[in-house]
Amino acid sequence: MRYASVIVDLKVSQTDRSFDYEIPHEWRGIIKPGMRVVVPFGSRKLQGFVVEVKDESAVKKVKAIDELLDPTPVLNEELLKLGEWLTESTLCFKITAFQAMLPSALKANYQKELLIHKDRSYEHLHPDIQTLFQKNKKLDLNKACKSPYFHVIQKEIEAGNLEVQYVVKQKTNKRTIKQIKAIASKKELQAFLSKLPKQANKQKRILQFFIENDDPIPLKKLLEEVQCTVSSVKTLIDKKMLLEEEVEVYRDPYEKEHFEKTNPLPLTNEQTKAIQPILASLEKEQHDVFLMYGVTGSGKTEIYLQAIEEVLKKGKEAIVLVPEISLTPQMVQRFKGRFGSKVAVLHSGLSTGEKYDEWRKIDRGEVKLVVGARSAIFAPFQNIGIIIIDEEHETSYKQEENPRYHAREVAIYRGKYHSCPVVLGSATPTLESYARAQKGVYNLLTLTERVNKRPLPTVEIVDMREELRKGNRTMFSESLYTKLKNRLENGEQAVLFLNKRGYSSFVMCRDCGFVISCPHCDISLTYHRFDEKLKCHYCGYEEMMPPHCPDCKSKYIRFFGTGTQRVEEEIAKVLPEARVIRMDNDTTSRKGAHEKLLKSFGRKEADILLGTQMIAKGLDFQDVTLVGVLTADTMLHLPDFRASEKTFQLLTQVSGRAGRHTLPGEVVIQTYVPEHYSIQLAQRHDYALFFQKEMYIRKLHHYPPYYYLVLITVSHQEVTKALSTAEHISLFMKKRLSDKAQILGPVSSPIPRINDRYRYQCMIKYKRESSLYESLKAILKHYQQEMNQTDLTISIDLNPLMLM
DNA sequence: AGCACGCCGACT
DNA sequence: GTCGGCGTGCTC
């Protein structure tokens with residue numbers, strides 16, 4: 001095989017294809033698809049992925065591969081195919097798809113270095129800069145630019161005395177430690193020892209150590225063990241008694257933690273009934289998708305654990321996805337406790353190096369199970385036996401940048417490839433998944449009871465309009481306040497949720513709770529401070545901000561929104577004795593801060609945990625007996641057709657946090673629209689009825705799961721350019737698609753300007769459009785030059801979850 | 001992305 | 001007459 005087809009590391013459409021390179025003789029038969037290489041490309045060097053090796057090339061002037069970066073492929077055959085599929089199904093570049101499947105440590109780091117031209121020596125250089133380049137020293141070009149002698153350097157480059165070299169480096173490397181072992185036999189060591197002079201005590205101790213111990217030992221440990229310094233070891237190395245070698249080690253983020261071994265728990269009747277079909281599917285090595293709908297606390301995790309156990313027994317591997325925010329120590333504990341060192345953990349809290357090490361453990365088959373966030377779906381296992389996605393409804397499973405994939409779809413792709421079951425678990429499945437389960441595309445497994453028959457908490461809905469009428473203008477209803485105070489007195493804990501999303505956007509009447517929504521879309525209008533207008537981000541409808549409530553004529557109509565900080569201040573006012581932990585983007589941005597705060601709350605160092613959605617998941621504290629939702633509505637009125645669904649999900653998840661142990665739990669939901677079905681049904685824990693109602697609305701308004709969506713967002717520094725491009729695209733799509741497809745917009749994005757760029761979007765609703773992908777690709781192709789040269793960007797999101 | 005090639009204005 | 005502006009197009 002003489003040639004290799006390589007996808008180079010350039011994210012532009014012109015280079016989104018393979019380039020042929022000659023394989024140097026020494027690597028023929030060694031270079032395989034899926035390996036990373038460094039290749040010359042134009043005047044530079046780039047990293048690339050070999051996707052094919054072949055005997056012939058149609059290209060005349062092929063260059064040769066410069067470097068081989070991997071001894072074995074980093075992308076196996078399956079992942080290469082998956083990469084192709086990702087490119088096709090998300091319309092991203094091939095290189096983007098490949099990189100998304102690998103830890104970022106494997107990405108290239110490009111540097112330009114300055115060095116003396118190979119034919120010259122440093123005496124040729126200007127005296128001012130000679131010392132910089134003595135002994136073949138290299139200088140980073142970026143640093144050189146800042147040097148006071150840069151003008152001299154420039155001249156030397158022109159004169160050809162200095163040259164610029166492009167170097168491709170790996171972002172993070174394997175960590176190594178120095179290890180010492182004996183190379184002389186024990187007899188020789190003994191002989192050498194006896195010949196040492198009396199005062200060479202340390203050398204003697206070291207030799208003695210190696211006479212008594214066979215195994216190599218890390219240098220650091222040896223020094224500790226025999227109480228000596230490096231110099232004595234070095235002497236013995238020089239004398240050829242010992243040898244120092246670099247050995248690769250893993251960075252282990254859980255090194256210091258101890259995991260209590262746990263054993264399978266007896267399953268309830270319901271659990272047994274639910275696990276049977278999964279085990280049957282495993283037995284038959286058959287690909288099935290299971291939707292496991294189980295109320296909070298119904299023991300889904302135990303089912304996962306026992307199914308995984310079967311998989312491991314068969315010598316196969318398992319992938320478990322959990323949402324990033326619930327990848328807490330508590331969760332990790334459950335898997336590590338059951339499966340010990342067979343588990344790799346992948347989440348964003350790890351450093352690049354730590355992620356790389358976990359990835360390598362998976363790649364080498366040293367672990368059999370990975371628990372991780374979205375990207376763990378690309379774990380390079382060879383023989384997957386099961387894929388589990390917990391909290392299936394979580395939006396974090398969809399990547400919001402290219403490639404815009406949904407982990408659920410990738411899971412199903414891999415499940416098919418490996419002929420293995422995929423289990424989607426949730427107490428509040430997405431309508432899409434539940435609808436598929438009802439149609440029989442997925443198999444539905446239902447768990448209706450909590451294990452140990454603990455009751456679901458009682459949920460009280462408080463009408464905040466009533467509170468206002470009573471003259472209570474604080475954020476806390478009388479009921480919530482009393483209950484909070486009561487918890488403080490009893491030494492119990494409370495969790496308070498605030499929906500930060502939807503901040504200051506929707507407009508609501510504080511008297512009657514009326515929310516102004518679009519007459520065409522059944523979605524709340526968004527307030528635009530700039531021109532005092534209310535706009536719909538779906539169809540473009542707009543109207544002036546009314547001075548009075550259109551329903552009850554009250555003048556207390558205003559846009560709505562509040563922040564966690566303000567709540568914290570207010571708690572301090574009304575409950576000064578309460579110790580509060582606030583969790584939001586501000587307090588959790590530092591690495592490990594999230595865990596630290598939760599642990600602190602677990603140790604009862606605070607009475608109230610206050611936060612946004614991020615605390616809704618996976619919390620399980622003994623003494624939490626009260627959960628308060630400050631404003632259930634903020635999310636309800638987001639300009640998003642999934643607003644009701646998200647509200648229902650959040651309220652249900654939140655309710656699940658209270659009273660998980662012996663103490664019974666209470667939930668207080670504060671709202672201005674207590675009659676809304678998503679709030680009412682969350683109170684009654686009635687998913688089935690919610691599903692029915694919501695499906696009806698989706699059908700009526702042509703939304704998923706009845707229709708598919710595509711969101712095209714165009715952005716540019718100039719409003720007119722962004723708008724006109726969006727208009728062109730809209731027209732083009734109208735021509736290309738059937739008249740059954742609806743093309744809405746362009747309208748300005750819910751966030752009309754980001755980073756001084758104006759944003760417009762078009763939405764396409766369709767059921768079946770054979771030429772859709774081709775047409776979208778045509779758009780990207782048509783605008784490719786403009787996207788390179790000017791700052792036009794067009795992003796295409798297939799099946800979007802976020803409509804911003 | 002970076003770099004070369006190429007075709008029109010202000011300069012020694 | 002040339003230097004250099006950045007529009008256009010290519011990179012195996």
# chains A, B, ... in the order shown; residues from 1 in each chain; ligands from 1
$ interface_residues --of "chain B" --to "chain A" --cutoff "12 Å" --atoms "only C-alpha atoms (C1' of nucleotides)" --output "compact mmCIF listing (two decimals) with N, CA, C and O atoms (P, O5', C5', C4', C3', O3' and C1' of nucleotides), in the first residue's frame"
# COMPACT_ATOMS: atom_id res chain seq x y z
P DA B 1 -10.36 30.72 8.77
O5' DA B 1 -9.05 29.84 9.03
C5' DA B 1 -8.09 30.40 9.92
C4' DA B 1 -6.85 29.56 9.83
C3' DA B 1 -5.61 30.35 9.43
O3' DA B 1 -4.51 29.80 10.13
C1' DA B 1 -6.07 28.73 7.77
P DG B 2 -3.13 30.64 10.17
O5' DG B 2 -2.59 30.27 8.73
C5' DG B 2 -1.18 30.19 8.56
C4' DG B 2 -0.91 29.97 7.11
C3' DG B 2 -0.19 31.16 6.46
O3' DG B 2 0.91 30.62 5.75
C1' DG B 2 -1.97 30.46 5.13
P DC B 3 2.29 31.34 5.79
O5' DC B 3 2.76 31.32 4.27
C5' DC B 3 2.55 30.14 3.50
C4' DC B 3 1.97 30.48 2.17
C3' DC B 3 2.54 31.76 1.52
O3' DC B 3 3.40 31.37 0.46
C1' DC B 3 0.21 31.48 1.11
P DA B 4 4.27 32.42 -0.31
O5' DA B 4 3.71 32.25 -1.79
C5' DA B 4 3.44 30.95 -2.31
C4' DA B 4 2.61 31.10 -3.58
C3' DA B 4 3.10 32.20 -4.53
O3' DA B 4 2.95 31.75 -5.86
C1' DA B 4 0.88 32.66 -3.88
$ select_by_dssp --residues "region 368-498 of chain A" --states "alpha helix (DSSP H)" --output "PyMOL selection string"
chain A and resi 407-418+431-439+464-469+478-490
$ select_by_dssp --residues "region 386-522 of chain A" --states "strand (DSSP E or B)" --output "PDB file with C-alpha atoms, in the first residue's frame"
ATOM      1  CA  ILE A 386     -25.082  -2.378  26.401  1.00  0.00           C
ATOM      2  CA  ILE A 387     -25.482   1.384  26.187  1.00  0.00           C
ATOM      3  CA  ILE A 388     -27.443   3.172  28.880  1.00  0.00           C
ATOM      4  CA  ILE A 389     -28.571   6.776  28.803  1.00  0.00           C
ATOM      5  CA  LYS A 398     -27.336  17.345  22.381  1.00  0.00           C
ATOM      6  CA  HIS A 406     -27.544  13.929  19.971  1.00  0.00           C
ATOM      7  CA  VAL A 422     -29.755   0.632  24.273  1.00  0.00           C
ATOM      8  CA  VAL A 423     -31.607   1.646  27.428  1.00  0.00           C
ATOM      9  CA  LEU A 424     -33.028   5.141  27.801  1.00  0.00           C
ATOM     10  CA  GLY A 425     -34.119   5.899  31.336  1.00  0.00           C
ATOM     11  CA  SER A 426     -36.161   8.777  32.717  1.00  0.00           C
ATOM     12  CA  ASN A 443     -39.806  -1.004  23.926  1.00  0.00           C
ATOM     13  CA  LEU A 444     -41.477   0.577  26.908  1.00  0.00           C
ATOM     14  CA  LEU A 445     -40.545  -0.560  30.404  1.00  0.00           C
ATOM     15  CA  THR A 446     -42.494   1.020  33.232  1.00  0.00           C
ATOM     16  CA  LEU A 447     -41.733   1.468  36.919  1.00  0.00           C
ATOM     17  CA  THR A 458     -46.862  15.993  48.661  1.00  0.00           C
ATOM     18  CA  VAL A 459     -46.774  18.994  46.388  1.00  0.00           C
ATOM     19  CA  GLU A 460     -48.394  22.266  47.300  1.00  0.00           C
ATOM     20  CA  ILE A 461     -49.029  24.851  44.628  1.00  0.00           C
ATOM     21  CA  VAL A 462     -49.032  28.431  45.835  1.00  0.00           C
ATOM     22  CA  ASP A 463     -50.779  31.081  43.790  1.00  0.00           C
ATOM     23  CA  GLN A 493     -32.565  21.083  55.288  1.00  0.00           C
ATOM     24  CA  ALA A 494     -34.281  22.745  52.366  1.00  0.00           C
ATOM     25  CA  VAL A 495     -33.500  23.146  48.694  1.00  0.00           C
ATOM     26  CA  LEU A 496     -34.693  26.213  46.785  1.00  0.00           C
ATOM     27  CA  PHE A 497     -34.862  26.319  43.020  1.00  0.00           C
ATOM     28  CA  PHE A 506     -41.508  37.258  29.082  1.00  0.00           C
ATOM     29  CA  VAL A 507     -44.151  39.742  30.086  1.00  0.00           C
ATOM     30  CA  MET A 508     -46.669  38.916  32.730  1.00  0.00           C
ATOM     31  CA  CYS A 509     -49.405  40.610  34.680  1.00  0.00           C
ATOM     32  CA  VAL A 515     -48.893  36.218  29.903  1.00  0.00           C
ATOM     33  CA  SER A 517     -48.358  35.179  23.844  1.00  0.00           C
TER      34      SER A 517
END
$ residues_around --residues "DC11 (chain B)" --least-positions-apart "6" --cutoff "12 Å" --atoms "only C-alpha atoms (C1' of nucleotides)" --output "ChimeraX atom specification"
/C:1-4
$ residues_around --residues "region 226-239 of chain A" --least-positions-apart "4" --cutoff "9 Å" --atoms "only C-alpha atoms (C1' of nucleotides)" --output "NGL selection string"
:A and (180 or 182 or 200 or 202-203 or 205-207 or 209 or 219 or 221-222 or 243-244)
$ write_last_selection --atoms "N, CA, C and O atoms" --output "short mmCIF file (atom, residue, chain, number, x, y, z; two decimals), in the first residue's frame"
data_model
loop_
_atom_site.label_atom_id
_atom_site.label_comp_id
_atom_site.auth_asym_id
_atom_site.auth_seq_id
_atom_site.Cartn_x
_atom_site.Cartn_y
_atom_site.Cartn_z
N ILE A 180 13.26 2.94 38.62
CA ILE A 180 14.61 2.37 38.75
C ILE A 180 14.51 0.86 38.87
O ILE A 180 13.67 0.34 39.62
N ALA A 182 17.09 -2.92 38.83
CA ALA A 182 18.45 -3.45 38.82
C ALA A 182 18.70 -4.14 37.49
O ALA A 182 17.83 -4.84 36.98
N ALA A 200 30.39 4.68 52.07
CA ALA A 200 29.34 4.70 51.04
C ALA A 200 28.06 4.05 51.55
O ALA A 200 27.54 3.10 50.96
N LYS A 202 24.91 5.12 51.75
CA LYS A 202 23.66 5.24 50.99
C LYS A 202 23.64 4.26 49.83
O LYS A 202 22.63 3.60 49.58
N GLN A 203 24.76 4.16 49.13
CA GLN A 203 24.83 3.21 48.01
C GLN A 203 24.56 1.80 48.51
O GLN A 203 23.86 1.02 47.86
N ARG A 205 22.79 0.92 51.06
CA ARG A 205 21.37 0.73 51.38
C ARG A 205 20.55 0.50 50.12
O ARG A 205 19.63 -0.31 50.09
N ILE A 206 20.92 1.24 49.08
CA ILE A 206 20.18 1.09 47.82
C ILE A 206 20.38 -0.32 47.26
O ILE A 206 19.43 -1.00 46.88
N LEU A 207 21.64 -0.75 47.25
CA LEU A 207 21.94 -2.10 46.73
C LEU A 207 21.21 -3.16 47.54
O LEU A 207 20.61 -4.08 46.98
N PHE A 209 18.51 -2.82 49.04
CA PHE A 209 17.09 -2.78 48.67
C PHE A 209 16.82 -3.66 47.46
O PHE A 209 15.87 -4.44 47.43
N LEU A 219 11.33 6.07 41.17
CA LEU A 219 12.46 6.76 41.78
C LEU A 219 12.07 7.44 43.10
O LEU A 219 12.75 7.31 44.11
N LYS A 221 9.72 6.83 45.15
CA LYS A 221 9.44 5.88 46.21
C LYS A 221 10.73 5.31 46.78
O LYS A 221 10.88 5.13 47.99
N LEU A 222 11.66 5.02 45.86
CA LEU A 222 12.95 4.47 46.28
C LEU A 222 13.67 5.42 47.23
O LEU A 222 14.19 5.03 48.27
N LEU A 243 19.27 0.75 36.41
CA LEU A 243 18.85 1.41 35.18
C LEU A 243 17.65 2.30 35.49
O LEU A 243 16.75 1.92 36.24
N GLU A 244 17.69 3.49 34.88
CA GLU A 244 16.54 4.38 35.05
C GLU A 244 15.71 4.31 33.78
O GLU A 244 16.26 4.34 32.68
#
$ interface_residues --of "chain A" --to "chain C" --cutoff "8 Å" --atoms "only C-alpha atoms (C1' of nucleotides)" --output "ChimeraX atom specification"
/A:19-21,41-42,59,61-63
$ write_last_selection --atoms "N, CA, C and O atoms" --output "PDB file, in the first residue's frame"
ATOM      1  N   PHE A  19      -7.009  14.053   1.073  1.00  0.00           N
ATOM      2  CA  PHE A  19      -5.853  14.359   0.230  1.00  0.00           C
ATOM      3  C   PHE A  19      -4.931  13.144   0.250  1.00  0.00           C
ATOM      4  O   PHE A  19      -4.764  12.511   1.287  1.00  0.00           O
ATOM      5  N   ASP A  20      -4.349  12.842  -0.926  1.00  0.00           N
ATOM      6  CA  ASP A  20      -3.497  11.655  -1.005  1.00  0.00           C
ATOM      7  C   ASP A  20      -2.051  11.976  -0.662  1.00  0.00           C
ATOM      8  O   ASP A  20      -1.525  13.005  -1.094  1.00  0.00           O
ATOM      9  N   TYR A  21      -1.440  11.086   0.092  1.00  0.00           N
ATOM     10  CA  TYR A  21      -0.022  11.238   0.412  1.00  0.00           C
ATOM     11  C   TYR A  21       0.667   9.902   0.194  1.00  0.00           C
ATOM     12  O   TYR A  21       0.054   8.840   0.341  1.00  0.00           O
ATOM     13  N   PHE A  41       1.205  20.495   3.982  1.00  0.00           N
ATOM     14  CA  PHE A  41       0.014  20.994   3.286  1.00  0.00           C
ATOM     15  C   PHE A  41       0.289  22.432   2.890  1.00  0.00           C
ATOM     16  O   PHE A  41       0.330  23.322   3.731  1.00  0.00           O
ATOM     17  N   GLY A  42       0.488  22.667   1.601  1.00  0.00           N
ATOM     18  CA  GLY A  42       0.937  23.982   1.172  1.00  0.00           C
ATOM     19  C   GLY A  42       2.299  24.207   1.782  1.00  0.00           C
ATOM     20  O   GLY A  42       3.172  23.341   1.721  1.00  0.00           O
ATOM     21  N   VAL A  59      -3.750  11.336  -8.155  1.00  0.00           N
ATOM     22  CA  VAL A  59      -3.073  12.627  -8.061  1.00  0.00           C
ATOM     23  C   VAL A  59      -1.633  12.480  -8.547  1.00  0.00           C
ATOM     24  O   VAL A  59      -0.948  11.510  -8.227  1.00  0.00           O
ATOM     25  N   LYS A  61       1.164  14.911  -8.336  1.00  0.00           N
ATOM     26  CA  LYS A  61       2.260  15.325  -7.445  1.00  0.00           C
ATOM     27  C   LYS A  61       1.886  15.082  -5.979  1.00  0.00           C
ATOM     28  O   LYS A  61       1.438  15.983  -5.300  1.00  0.00           O
ATOM     29  N   VAL A  62       2.111  13.871  -5.545  1.00  0.00           N
ATOM     30  CA  VAL A  62       1.819  13.583  -4.149  1.00  0.00           C
ATOM     31  C   VAL A  62       3.045  13.851  -3.290  1.00  0.00           C
ATOM     32  O   VAL A  62       4.173  13.576  -3.685  1.00  0.00           O
ATOM     33  N   LYS A  63       2.810  14.389  -2.117  1.00  0.00           N
ATOM     34  CA  LYS A  63       3.889  14.547  -1.148  1.00  0.00           C
ATOM     35  C   LYS A  63       3.865  13.338  -0.217  1.00  0.00           C
ATOM     36  O   LYS A  63       2.909  12.554  -0.243  1.00  0.00           O
TER      37      LYS A  63
END
$ residues_around --residues "Ser644 (chain A)" --least-positions-apart "2" --cutoff "9 Å" --atoms "only C-alpha atoms (C1' of nucleotides)" --output "mmCIF file with C-alpha atoms, in the first residue's frame"
data_model
loop_
_atom_site.group_PDB
_atom_site.id
_atom_site.type_symbol
_atom_site.label_atom_id
_atom_site.label_comp_id
_atom_site.auth_asym_id
_atom_site.auth_seq_id
_atom_site.Cartn_x
_atom_site.Cartn_y
_atom_site.Cartn_z
ATOM 1 C CA MET A 635 -39.440 28.506 32.253
ATOM 2 C CA LEU A 636 -43.016 28.040 31.195
ATOM 3 C CA HIS A 637 -42.958 31.230 29.216
ATOM 4 C CA ASP A 640 -39.848 27.661 23.122
ATOM 5 C CA PHE A 641 -42.488 25.153 22.169
ATOM 6 C CA ARG A 642 -40.934 22.760 24.687
ATOM 7 C CA LYS A 646 -39.390 21.443 30.366
ATOM 8 C CA THR A 647 -41.465 22.862 33.190
ATOM 9 C CA PHE A 648 -43.146 19.549 33.813
ATOM 10 C CA GLN A 649 -39.804 17.766 33.742
ATOM 11 C CA HIS A 676 -51.513 25.522 33.962
ATOM 12 C CA TYR A 677 -51.610 21.853 33.068
ATOM 13 C CA SER A 678 -47.867 21.289 33.328
ATOM 14 C CA ILE A 679 -47.914 22.555 36.909
ATOM 15 C CA GLU A 694 -48.906 18.019 25.256
#
$ residues_around --residues "Arg28 (chain A)" --least-positions-apart "3" --cutoff "12 Å" --atoms "only C-alpha atoms (C1' of nucleotides)" --output "VMD selection string"
chain A and resid 1 to 4 22 to 25 31 to 32 53 to 55 64 to 65 68
$ residues_around --residues "region 152-167 of chain A" --least-positions-apart "6" --cutoff "10 Å" --atoms "only C-alpha atoms (C1' of nucleotides)" --output "MDAnalysis selection string"
chainID A and resid 38 40 43:47 108:129 133 138:141 144:145
$ atom_distance --atom1 "CA of Glu568 (chain A)" --atom2 "CA of Ile581 (chain A)"
8.8 Å
$ closest_residue --among "A:Thr612, A:Ser104, A:Asn263, A:Gln271" --to "Ser351 (chain A)" --atoms "only C-alpha atoms"
A:Ser104
$ atom_distance --atom1 "CA of Asp511 (chain A)" --atom2 "CA of Pro547 (chain A)"
13.7 Å
$ atom_distance --atom1 "CA of Tyr405 (chain A)" --atom2 "CA of Tyr758 (chain A)"
25.0 Å
